[in-house]
>>> print(open('input_3.txt').read())   # compact mmCIF, C-alpha atoms
# COMPACT_ATOMS: atom_id res chain seq x y z
CA MET A 1 14.24 -6.08 4.02
CA GLU A 2 16.59 -4.66 1.40
CA LEU A 3 13.70 -4.26 -1.02
CA ALA A 4 11.64 -2.58 1.69
CA ARG A 5 14.46 -0.16 2.43
CA ALA A 6 14.86 0.68 -1.27
CA GLU A 7 11.11 1.25 -1.57
CA ARG A 8 11.09 3.63 1.38
CA GLU A 9 14.09 5.51 0.03
CA ASP A 10 12.23 6.00 -3.26
CA LEU A 11 9.18 7.19 -1.35
CA VAL A 12 11.19 9.75 0.63
CA GLU A 13 12.67 11.10 -2.60
CA PHE A 14 9.22 11.33 -4.17
CA LEU A 15 7.60 13.04 -1.19
CA ALA A 16 10.35 15.65 -1.05
CA GLN A 17 9.22 16.86 -4.49
CA LEU A 18 5.57 17.41 -3.57
CA THR A 19 4.17 20.89 -3.11
CA PRO A 20 2.34 21.96 0.09
CA GLU A 21 -0.91 21.77 -1.89
CA GLN A 22 -0.22 18.19 -2.97
CA TRP A 23 0.36 17.13 0.64
CA GLU A 24 -3.22 18.17 1.40
CA GLN A 25 -4.80 16.34 -1.56
CA PRO A 26 -7.02 13.27 -1.04
CA SER A 27 -5.42 9.87 -1.50
CA LEU A 28 -7.12 6.65 -2.59
CA CYS A 29 -7.56 5.79 1.10
CA THR A 30 -11.01 7.03 2.05
CA GLY A 31 -10.79 10.07 4.31
CA TRP A 32 -7.00 10.24 4.19
CA ARG A 33 -4.99 13.05 2.62
CA VAL A 34 -1.46 12.50 1.34
CA ARG A 35 -0.11 13.62 4.73
CA ASP A 36 -2.32 11.08 6.50
CA VAL A 37 -1.00 8.24 4.37
CA VAL A 38 2.56 9.22 5.24
CA GLY A 39 1.66 9.41 8.93
CA HIS A 40 0.23 5.90 8.70
CA LEU A 41 3.38 4.58 7.02
CA ILE A 42 5.62 5.67 9.86
CA GLY A 43 3.15 5.14 12.68
CA TYR A 44 3.96 1.56 13.55
CA ASP A 45 7.74 1.90 13.20
CA GLU A 46 7.78 4.32 16.12
CA LEU A 47 5.96 1.92 18.46
CA SER A 48 7.69 -0.57 20.71
CA GLY A 49 6.37 -4.12 20.85
CA ALA A 50 4.43 -3.37 24.03
CA GLU A 51 3.01 -0.15 22.57
CA THR A 52 1.89 -2.00 19.45
CA VAL A 53 0.06 -4.59 21.56
CA ARG A 54 -1.63 -1.84 23.59
CA GLU A 55 -2.80 -0.05 20.43
CA PHE A 56 -4.23 -3.29 19.04
CA LEU A 57 -6.09 -3.99 22.28
CA ARG A 58 -7.40 -0.42 22.56
CA GLY A 59 -8.64 -0.68 19.00
CA GLY A 60 -10.45 -3.92 19.73
CA LEU A 61 -8.29 -5.69 17.13
CA TYR A 62 -10.22 -3.75 14.48
CA PRO A 63 -7.70 -2.43 11.88
CA PRO A 64 -9.49 0.84 10.95
CA ARG A 65 -9.80 1.83 14.62
CA ILE A 66 -6.18 0.87 15.32
CA ASN A 67 -4.95 2.81 12.29
CA ALA A 68 -6.93 5.87 13.34
CA ALA A 69 -5.36 5.85 16.80
CA VAL A 70 -1.85 5.46 15.43
CA LEU A 71 -2.47 8.15 12.83
CA ALA A 72 -3.63 10.59 15.51
CA ARG A 73 -0.09 10.62 16.88
CA HIS A 74 1.06 12.46 13.75
CA ALA A 75 -1.86 14.83 13.23
CA GLY A 76 0.07 17.94 14.21
CA ARG A 77 3.24 17.28 12.23
CA SER A 78 4.18 19.37 9.23
CA ALA A 79 4.93 17.82 5.84
CA ASP A 80 8.64 18.44 6.40
CA GLU A 81 8.50 16.70 9.78
CA LEU A 82 6.64 13.72 8.34
CA CYS A 83 9.14 13.41 5.50
CA ALA A 84 12.09 13.69 7.89
CA THR A 85 10.62 11.04 10.17
CA LEU A 86 10.10 8.68 7.25
CA ALA A 87 13.71 9.31 6.19
CA GLU A 88 14.80 8.24 9.68
CA HIS A 89 12.88 5.00 9.28
CA VAL A 90 13.92 3.80 5.84
CA VAL A 91 15.05 0.63 7.61
CA PRO A 92 11.79 -0.95 8.83
CA ARG A 93 11.31 -1.55 12.54
CA GLY A 94 8.76 -3.29 14.72
CA LEU A 95 5.55 -4.58 13.21
CA THR A 96 6.51 -3.68 9.63
CA THR A 97 9.48 -6.08 9.68
CA GLY A 98 7.04 -8.99 9.65
CA PHE A 99 7.36 -11.67 6.96
CA GLY A 100 10.95 -10.69 6.27
CA GLY A 101 10.06 -7.05 5.65
CA ARG A 102 7.22 -7.85 3.25
CA ILE A 103 4.77 -5.85 5.37
CA ALA A 104 6.91 -2.71 5.06
CA LEU A 105 7.54 -3.31 1.35
CA SER A 106 3.87 -3.89 0.57
CA ASP A 107 2.63 -1.03 2.72
CA GLY A 108 5.14 1.36 1.19
CA MET A 109 4.44 0.36 -2.39
CA ILE A 110 0.65 0.26 -2.18
CA HIS A 111 0.40 3.51 -0.28
CA GLN A 112 2.80 5.26 -2.61
CA GLN A 113 0.36 4.36 -5.39
CA ASP A 114 -2.49 5.59 -3.20
CA ILE A 115 -0.74 8.96 -3.32
CA ARG A 116 0.49 8.91 -6.90
CA ARG A 117 -2.68 7.86 -8.68
CA PRO A 118 -4.89 10.77 -7.54
CA LEU A 119 -2.03 13.20 -8.21
CA GLY A 120 -1.52 11.82 -11.73
CA LEU A 121 2.13 10.97 -11.01
CA PRO A 122 2.78 7.39 -12.20
CA ARG A 123 6.02 5.54 -11.57
CA GLN A 124 7.92 2.58 -12.95
CA ILE A 125 8.10 0.17 -10.01
CA PRO A 126 11.19 -2.08 -10.03
CA HIS A 127 10.05 -5.52 -11.12
CA ASP A 128 11.71 -7.46 -8.30
CA ARG A 129 9.83 -5.43 -5.71
CA LEU A 130 6.56 -5.57 -7.60
CA VAL A 131 6.61 -9.36 -8.05
CA THR A 132 7.41 -9.82 -4.35
CA VAL A 133 4.41 -7.72 -3.35
CA LEU A 134 2.10 -9.33 -5.91
CA ASP A 135 2.93 -12.75 -4.50
CA PHE A 136 2.58 -11.59 -0.89
CA ALA A 137 -0.73 -9.80 -1.56
CA ARG A 138 -2.37 -13.04 -2.68
CA TYR A 139 -2.49 -14.56 0.79
CA ALA A 140 -1.55 -11.87 3.33
CA ALA A 141 -4.37 -11.78 5.88
CA LEU A 142 -5.03 -8.03 5.66
CA LEU A 143 -4.68 -7.82 1.86
CA ARG A 144 -6.74 -10.85 0.76
CA GLY A 145 -5.74 -10.54 -2.87
CA ALA A 146 -6.64 -14.12 -3.78
CA TRP A 147 -10.16 -13.59 -2.43
CA ARG A 148 -10.69 -10.45 -4.51
CA ALA A 149 -9.31 -12.19 -7.59
CA ARG A 150 -11.38 -15.34 -7.11
CA GLY A 151 -12.70 -16.85 -10.31
CA VAL A 152 -10.33 -14.81 -12.49
CA ARG A 153 -6.91 -15.39 -14.05
CA LEU A 154 -4.77 -12.28 -13.63
CA VAL A 155 -2.06 -11.78 -16.27
CA ALA A 156 0.53 -9.02 -16.17
CA THR A 157 1.37 -7.52 -19.55
CA ASP A 158 4.62 -5.83 -18.49
CA LEU A 159 6.36 -8.63 -16.57
CA ASP A 160 6.24 -12.40 -16.19
CA TRP A 161 3.51 -12.89 -13.58
CA SER A 162 0.09 -14.50 -13.53
CA PHE A 163 -2.26 -15.94 -10.95
CA GLY A 164 -5.60 -17.67 -10.65
CA ARG A 165 -8.06 -19.56 -12.81
CA GLY A 166 -11.01 -18.40 -14.84
CA PRO A 167 -11.62 -15.75 -17.49
CA GLU A 168 -8.57 -13.58 -18.02
CA ALA A 169 -8.05 -10.02 -16.86
CA SER A 170 -4.79 -8.54 -18.10
CA GLY A 171 -2.96 -5.27 -17.71
CA PRO A 172 0.03 -3.61 -16.03
CA ALA A 173 1.23 -5.45 -12.93
CA GLU A 174 0.75 -2.33 -10.81
CA ALA A 175 -2.92 -2.20 -11.77
CA LEU A 176 -3.36 -5.89 -10.96
CA LEU A 177 -1.87 -5.26 -7.52
CA MET A 178 -4.11 -2.29 -6.85
CA VAL A 179 -7.20 -4.30 -7.81
CA MET A 180 -6.09 -7.12 -5.51
CA VAL A 181 -5.91 -4.64 -2.62
CA ALA A 182 -9.37 -3.20 -3.33
CA ARG A 183 -8.63 -0.04 -5.33
CA PRO A 184 -11.44 -0.15 -7.93
CA CYS A 185 -10.00 2.78 -9.92
CA ALA A 186 -7.33 0.40 -11.25
CA LEU A 187 -9.99 -1.71 -13.00
CA ALA A 188 -9.97 0.86 -15.81
CA ASP A 189 -6.41 -0.22 -16.65
CA LEU A 190 -7.38 -3.87 -17.21
CA THR A 191 -8.90 -5.64 -20.19
CA GLY A 192 -10.40 -9.04 -20.85
CA PRO A 193 -13.47 -11.11 -20.00
CA GLY A 194 -12.44 -11.42 -16.35
CA VAL A 195 -12.77 -7.70 -15.64
CA ASP A 196 -16.53 -7.94 -15.06
CA ARG A 197 -15.98 -10.64 -12.44
CA LEU A 198 -13.36 -8.49 -10.73
CA CYS A 199 -15.83 -5.61 -10.67
CA ARG A 200 -18.36 -7.81 -8.92
CA ASN A 201 -15.75 -9.11 -6.49
CA LEU A 202 -14.86 -5.55 -5.52
CA GLY A 203 -18.46 -4.41 -5.41
CA ALA A 204 -17.68 -1.90 -8.16
CA HIS A 205 -20.82 -2.57 -10.23
>>> encode(input="input_3.txt", output="C-alpha cells")
Amino acid sequence: MELARAEREDLVEFLAQLTPEQWEQPSLCTGWRVRDVVGHLIGYDELSGAETVREFLRGGLYPPRINAAVLARHAGRSADELCATLAEHVVPRGLTTGFGGRIALSDGMIHQQDIRRPLGLPRQIPHDRLVTVLDFARYAALLRGAWRARGVRLVATDLDWSFGRGPEASGPAEALLMVMVARPCALADLTGPGVDRLCRNLGAH
C-alpha cells in the first residue's frame, strides 16, 4: 500500500505538468485519451463495495464494458478536476486495495506508462515498485503476464529480475512489463531470440 501511494503521488505530480493539449492526446489504451486513463484510475476508488458489485453485474462481468461504465462517470470533468480527484485518492480505496494494494500499484504504474510512452516522456521507475509489479503481473488474472511470456525467458538489463524458460528476450524492466501486459510497442525495446516468440504471443506479427 505504501508503494501504491508513492506511485499515485508521482502520477499526480506528473499530470500537473501536462498541457491541455497533452490531456487530449491518445494513450496506449485503444480509444482512450490521457484524460480517459486518469478517469479510469480513479473510477473504482470512488465506488462503495455495493456500487462496485452493481457495476460488475451491469457489465455482465466483462471488464471492457465495466470499465466503460465507470469511465462514463468522469466524462464531463476537466483535467484540473480529474487531477484534484486523483490527489484526493493517493491512498487506494475499495477494489484497488486488493492483494495488499498491488492492484492500485500495478494499475497506476502501467497506466502512467500508457500516458508517457505516446507523449515521449519516459521516467525512471523506482526499482522496488517495478519488481513488485513485474512479479504480480505474471499471475494476476486480468494481466496474464506469464501467458503472454510463455516459451520465453525474460531478462531485465537494468535490474536483477528474470522470468520464464526458453529463448531469451532482454531489455529494460519497464519494457518487459509493458510487453507482459499486451503493449506491443514495447517489443521494439527488447533484443534476443525470444522477441519473435513474444511477437507471436501478442499477435504482433
>>> closest_residue(input="input_3.txt", among="A:His40, A:Arg129, A:Arg123, A:Arg150", to="Ala4 of chain A", atoms="all atoms listed in the file")
A:Arg129
>>> atom_distance(input="input_3.txt", atom1="atom CA of Pro184 of chain A", atom2="atom CA of Leu202 of chain A")
6.8 Å
>>> atom_distance(input="input_3.txt", atom1="atom CA of Val181 of chain A", atom2="atom CA of Arg138 of chain A")
9.1 Å
>>> residues_around(input="input_3.txt", residues="Leu176 of chain A", least_positions_apart="3", cutoff="8 Å", atoms="all atoms listed in the file", output="PDB file with C-alpha atoms, in the frame of the given file")
ATOM      1  CA  LEU A 154      -4.770 -12.280 -13.630  1.00  0.00           C
ATOM      2  CA  ALA A 156       0.530  -9.020 -16.170  1.00  0.00           C
ATOM      3  CA  SER A 170      -4.790  -8.540 -18.100  1.00  0.00           C
ATOM      4  CA  GLY A 171      -2.960  -5.270 -17.710  1.00  0.00           C
ATOM      5  CA  PRO A 172       0.030  -3.610 -16.030  1.00  0.00           C
ATOM      6  CA  ALA A 173       1.230  -5.450 -12.930  1.00  0.00           C
ATOM      7  CA  VAL A 179      -7.200  -4.300  -7.810  1.00  0.00           C
ATOM      8  CA  MET A 180      -6.090  -7.120  -5.510  1.00  0.00           C
ATOM      9  CA  ALA A 186      -7.330   0.400 -11.250  1.00  0.00           C
ATOM     10  CA  LEU A 190      -7.380  -3.870 -17.210  1.00  0.00           C
TER      11      LEU A 190
END
>>> residues_near_point(input="input_3.txt", point="(6.3, -6.4, -6.9)", cutoff="10 Å", atoms="all atoms listed in the file", output="PyMOL selection string")
chain A and resi 3+105-106+109-110+125-137+159+161+173-174+177
>>> atom_distance(input="input_3.txt", atom1="atom CA of Val38 of chain A", atom2="atom CA of Leu198 of chain A")
28.7 Å
>>> closest_residue(input="input_3.txt", among="A:Glu21, A:Asp80, A:Asp196, A:Asp114", to="Ala175 of chain A", atoms="only C-alpha atoms")
A:Asp114
>>> closest_residue(input="input_3.txt", among="A:Leu119, A:Leu41, A:Ala182, A:Leu11", to="Arg93 of chain A", atoms="all atoms listed in the file")
A:Leu41
>>> residues_around(input="input_3.txt", residues="Cys83 of chain A", least_positions_apart="3", cutoff="12 Å", atoms="only C-alpha atoms", output="PyMOL selection string")
chain A and resi 8-18+23+34-39+41-42+74+77-80+86-90
>>> write_last_selection(input="input_3.txt", atoms="C-alpha atoms", output="short mmCIF file (atom, residue, chain, number, x, y, z; two decimals), in the coordinates of the input")
data_model
loop_
_atom_site.label_atom_id
_atom_site.label_comp_id
_atom_site.auth_asym_id
_atom_site.auth_seq_id
_atom_site.Cartn_x
_atom_site.Cartn_y
_atom_site.Cartn_z
CA ARG A 8 11.09 3.63 1.38
CA GLU A 9 14.09 5.51 0.03
CA ASP A 10 12.23 6.00 -3.26
CA LEU A 11 9.18 7.19 -1.35
CA VAL A 12 11.19 9.75 0.63
CA GLU A 13 12.67 11.10 -2.60
CA PHE A 14 9.22 11.33 -4.17
CA LEU A 15 7.60 13.04 -1.19
CA ALA A 16 10.35 15.65 -1.05
CA GLN A 17 9.22 16.86 -4.49
CA LEU A 18 5.57 17.41 -3.57
CA TRP A 23 0.36 17.13 0.64
CA VAL A 34 -1.46 12.50 1.34
CA ARG A 35 -0.11 13.62 4.73
CA ASP A 36 -2.32 11.08 6.50
CA VAL A 37 -1.00 8.24 4.37
CA VAL A 38 2.56 9.22 5.24
CA GLY A 39 1.66 9.41 8.93
CA LEU A 41 3.38 4.58 7.02
CA ILE A 42 5.62 5.67 9.86
CA HIS A 74 1.06 12.46 13.75
CA ARG A 77 3.24 17.28 12.23
CA SER A 78 4.18 19.37 9.23
CA ALA A 79 4.93 17.82 5.84
CA ASP A 80 8.64 18.44 6.40
CA LEU A 86 10.10 8.68 7.25
CA ALA A 87 13.71 9.31 6.19
CA GLU A 88 14.80 8.24 9.68
CA HIS A 89 12.88 5.00 9.28
CA VAL A 90 13.92 3.80 5.84
#
>>> closest_residue(input="input_3.txt", among="A:Gly76, A:Gly98, A:Gly192, A:Gly43", to="Thr157 of chain A", atoms="only C-alpha atoms")
A:Gly192
>>> residues_near_point(input="input_3.txt", point="(-16.7, -15.0, -12.5)", cutoff="12 Å", atoms="all atoms listed in the file", output="short mmCIF file (atom, residue, chain, number, x, y, z; two decimals) with C-alpha atoms, in the coordinates of the input")
data_model
loop_
_atom_site.label_atom_id
_atom_site.label_comp_id
_atom_site.auth_asym_id
_atom_site.auth_seq_id
_atom_site.Cartn_x
_atom_site.Cartn_y
_atom_site.Cartn_z
CA ARG A 148 -10.69 -10.45 -4.51
CA ALA A 149 -9.31 -12.19 -7.59
CA ARG A 150 -11.38 -15.34 -7.11
CA GLY A 151 -12.70 -16.85 -10.31
CA VAL A 152 -10.33 -14.81 -12.49
CA ARG A 153 -6.91 -15.39 -14.05
CA GLY A 164 -5.60 -17.67 -10.65
CA ARG A 165 -8.06 -19.56 -12.81
CA GLY A 166 -11.01 -18.40 -14.84
CA PRO A 167 -11.62 -15.75 -17.49
CA GLU A 168 -8.57 -13.58 -18.02
CA ALA A 169 -8.05 -10.02 -16.86
CA PRO A 193 -13.47 -11.11 -20.00
CA GLY A 194 -12.44 -11.42 -16.35
CA VAL A 195 -12.77 -7.70 -15.64
CA ASP A 196 -16.53 -7.94 -15.06
CA ARG A 197 -15.98 -10.64 -12.44
CA LEU A 198 -13.36 -8.49 -10.73
CA CYS A 199 -15.83 -5.61 -10.67
CA ARG A 200 -18.36 -7.81 -8.92
CA ASN A 201 -15.75 -9.11 -6.49
CA LEU A 202 -14.86 -5.55 -5.52
#
>>> decode(input="input_3.txt", residues="segment 86-104 of chain A", atoms="N, CA, C and O atoms", output="PDB file, in the first residue's frame")
ATOM      1  N   LEU A  86      -7.745  12.647  -8.236  1.00  0.00           N
ATOM      2  CA  LEU A  86      -6.683  11.661  -8.047  1.00  0.00           C
ATOM      3  C   LEU A  86      -5.845  12.015  -6.821  1.00  0.00           C
ATOM      4  O   LEU A  86      -5.462  11.128  -6.048  1.00  0.00           O
ATOM      5  N   ALA A  87      -5.569  13.307  -6.628  1.00  0.00           N
ATOM      6  CA  ALA A  87      -4.791  13.745  -5.464  1.00  0.00           C
ATOM      7  C   ALA A  87      -5.502  13.403  -4.157  1.00  0.00           C
ATOM      8  O   ALA A  87      -4.859  13.132  -3.141  1.00  0.00           O
ATOM      9  N   GLU A  88      -6.841  13.413  -4.198  1.00  0.00           N
ATOM     10  CA  GLU A  88      -7.625  13.055  -3.010  1.00  0.00           C
ATOM     11  C   GLU A  88      -7.609  11.558  -2.735  1.00  0.00           C
ATOM     12  O   GLU A  88      -7.998  11.123  -1.653  1.00  0.00           O
ATOM     13  N   HIS A  89      -7.200  10.783  -3.734  1.00  0.00           N
ATOM     14  CA  HIS A  89      -7.225   9.328  -3.611  1.00  0.00           C
ATOM     15  C   HIS A  89      -5.830   8.715  -3.756  1.00  0.00           C
ATOM     16  O   HIS A  89      -5.694   7.612  -4.300  1.00  0.00           O
ATOM     17  N   VAL A  90      -4.820   9.415  -3.278  1.00  0.00           N
ATOM     18  CA  VAL A  90      -3.476   8.818  -3.354  1.00  0.00           C
ATOM     19  C   VAL A  90      -3.386   7.576  -2.470  1.00  0.00           C
ATOM     20  O   VAL A  90      -2.581   6.673  -2.729  1.00  0.00           O
ATOM     21  N   VAL A  91      -4.202   7.524  -1.434  1.00  0.00           N
ATOM     22  CA  VAL A  91      -4.307   6.301  -0.634  1.00  0.00           C
ATOM     23  C   VAL A  91      -5.418   5.456  -1.251  1.00  0.00           C
ATOM     24  O   VAL A  91      -6.580   5.864  -1.261  1.00  0.00           O
ATOM     25  N   PRO A  92      -5.084   4.294  -1.816  1.00  0.00           N
ATOM     26  CA  PRO A  92      -6.090   3.479  -2.504  1.00  0.00           C
ATOM     27  C   PRO A  92      -7.248   3.101  -1.599  1.00  0.00           C
ATOM     28  O   PRO A  92      -7.091   2.921  -0.387  1.00  0.00           O
ATOM     29  N   ARG A  93      -8.424   2.974  -2.229  1.00  0.00           N
ATOM     30  CA  ARG A  93      -9.632   2.570  -1.521  1.00  0.00           C
ATOM     31  C   ARG A  93     -10.369   1.532  -2.353  1.00  0.00           C
ATOM     32  O   ARG A  93     -10.175   1.437  -3.561  1.00  0.00           O
ATOM     33  N   GLY A  94     -11.218   0.765  -1.689  1.00  0.00           N
ATOM     34  CA  GLY A  94     -12.097  -0.150  -2.405  1.00  0.00           C
ATOM     35  C   GLY A  94     -11.373  -1.237  -3.164  1.00  0.00           C
ATOM     36  O   GLY A  94     -10.398  -1.825  -2.683  1.00  0.00           O
ATOM     37  N   LEU A  95     -11.840  -1.464  -4.388  1.00  0.00           N
ATOM     38  CA  LEU A  95     -11.334  -2.565  -5.207  1.00  0.00           C
ATOM     39  C   LEU A  95      -9.820  -2.512  -5.398  1.00  0.00           C
ATOM     40  O   LEU A  95      -9.156  -3.548  -5.418  1.00  0.00           O
ATOM     41  N   THR A  96      -9.267  -1.299  -5.521  1.00  0.00           N
ATOM     42  CA  THR A  96      -7.837  -1.182  -5.843  1.00  0.00           C
ATOM     43  C   THR A  96      -6.923  -1.565  -4.682  1.00  0.00           C
ATOM     44  O   THR A  96      -5.719  -1.697  -4.870  1.00  0.00           O
ATOM     45  N   THR A  97      -7.490  -1.757  -3.483  1.00  0.00           N
ATOM     46  CA  THR A  97      -6.662  -2.176  -2.347  1.00  0.00           C
ATOM     47  C   THR A  97      -6.375  -3.676  -2.393  1.00  0.00           C
ATOM     48  O   THR A  97      -5.626  -4.179  -1.562  1.00  0.00           O
ATOM     49  N   GLY A  98      -6.979  -4.376  -3.340  1.00  0.00           N
ATOM     50  CA  GLY A  98      -6.807  -5.826  -3.417  1.00  0.00           C
ATOM     51  C   GLY A  98      -5.356  -6.250  -3.530  1.00  0.00           C
ATOM     52  O   GLY A  98      -4.510  -5.528  -4.044  1.00  0.00           O
ATOM     53  N   PHE A  99      -5.071  -7.447  -2.984  1.00  0.00           N
ATOM     54  CA  PHE A  99      -3.724  -8.021  -2.995  1.00  0.00           C
ATOM     55  C   PHE A  99      -2.730  -7.062  -2.339  1.00  0.00           C
ATOM     56  O   PHE A  99      -1.628  -6.843  -2.839  1.00  0.00           O
ATOM     57  N   GLY A 100      -3.145  -6.506  -1.204  1.00  0.00           N
ATOM     58  CA  GLY A 100      -2.252  -5.640  -0.443  1.00  0.00           C
ATOM     59  C   GLY A 100      -1.908  -4.348  -1.137  1.00  0.00           C
ATOM     60  O   GLY A 100      -0.847  -3.762  -0.871  1.00  0.00           O
ATOM     61  N   GLY A 101      -2.786  -3.877  -2.034  1.00  0.00           N
ATOM     62  CA  GLY A 101      -2.524  -2.649  -2.774  1.00  0.00           C
ATOM     63  C   GLY A 101      -1.841  -2.875  -4.109  1.00  0.00           C
ATOM     64  O   GLY A 101      -1.586  -1.920  -4.848  1.00  0.00           O
ATOM     65  N   ARG A 102      -1.581  -4.135  -4.447  1.00  0.00           N
ATOM     66  CA  ARG A 102      -0.891  -4.418  -5.713  1.00  0.00           C
ATOM     67  C   ARG A 102      -1.734  -4.040  -6.932  1.00  0.00           C
ATOM     68  O   ARG A 102      -1.185  -3.712  -7.984  1.00  0.00           O
ATOM     69  N   ILE A 103      -3.068  -4.098  -6.790  1.00  0.00           N
ATOM     70  CA  ILE A 103      -3.912  -3.681  -7.916  1.00  0.00           C
ATOM     71  C   ILE A 103      -3.699  -2.197  -8.193  1.00  0.00           C
ATOM     72  O   ILE A 103      -3.493  -1.785  -9.338  1.00  0.00           O
ATOM     73  N   ALA A 104      -3.754  -1.381  -7.146  1.00  0.00           N
ATOM     74  CA  ALA A 104      -3.558   0.065  -7.316  1.00  0.00           C
ATOM     75  C   ALA A 104      -2.158   0.374  -7.829  1.00  0.00           C
ATOM     76  O   ALA A 104      -1.982   1.226  -8.721  1.00  0.00           O
TER      77      ALA A 104
END
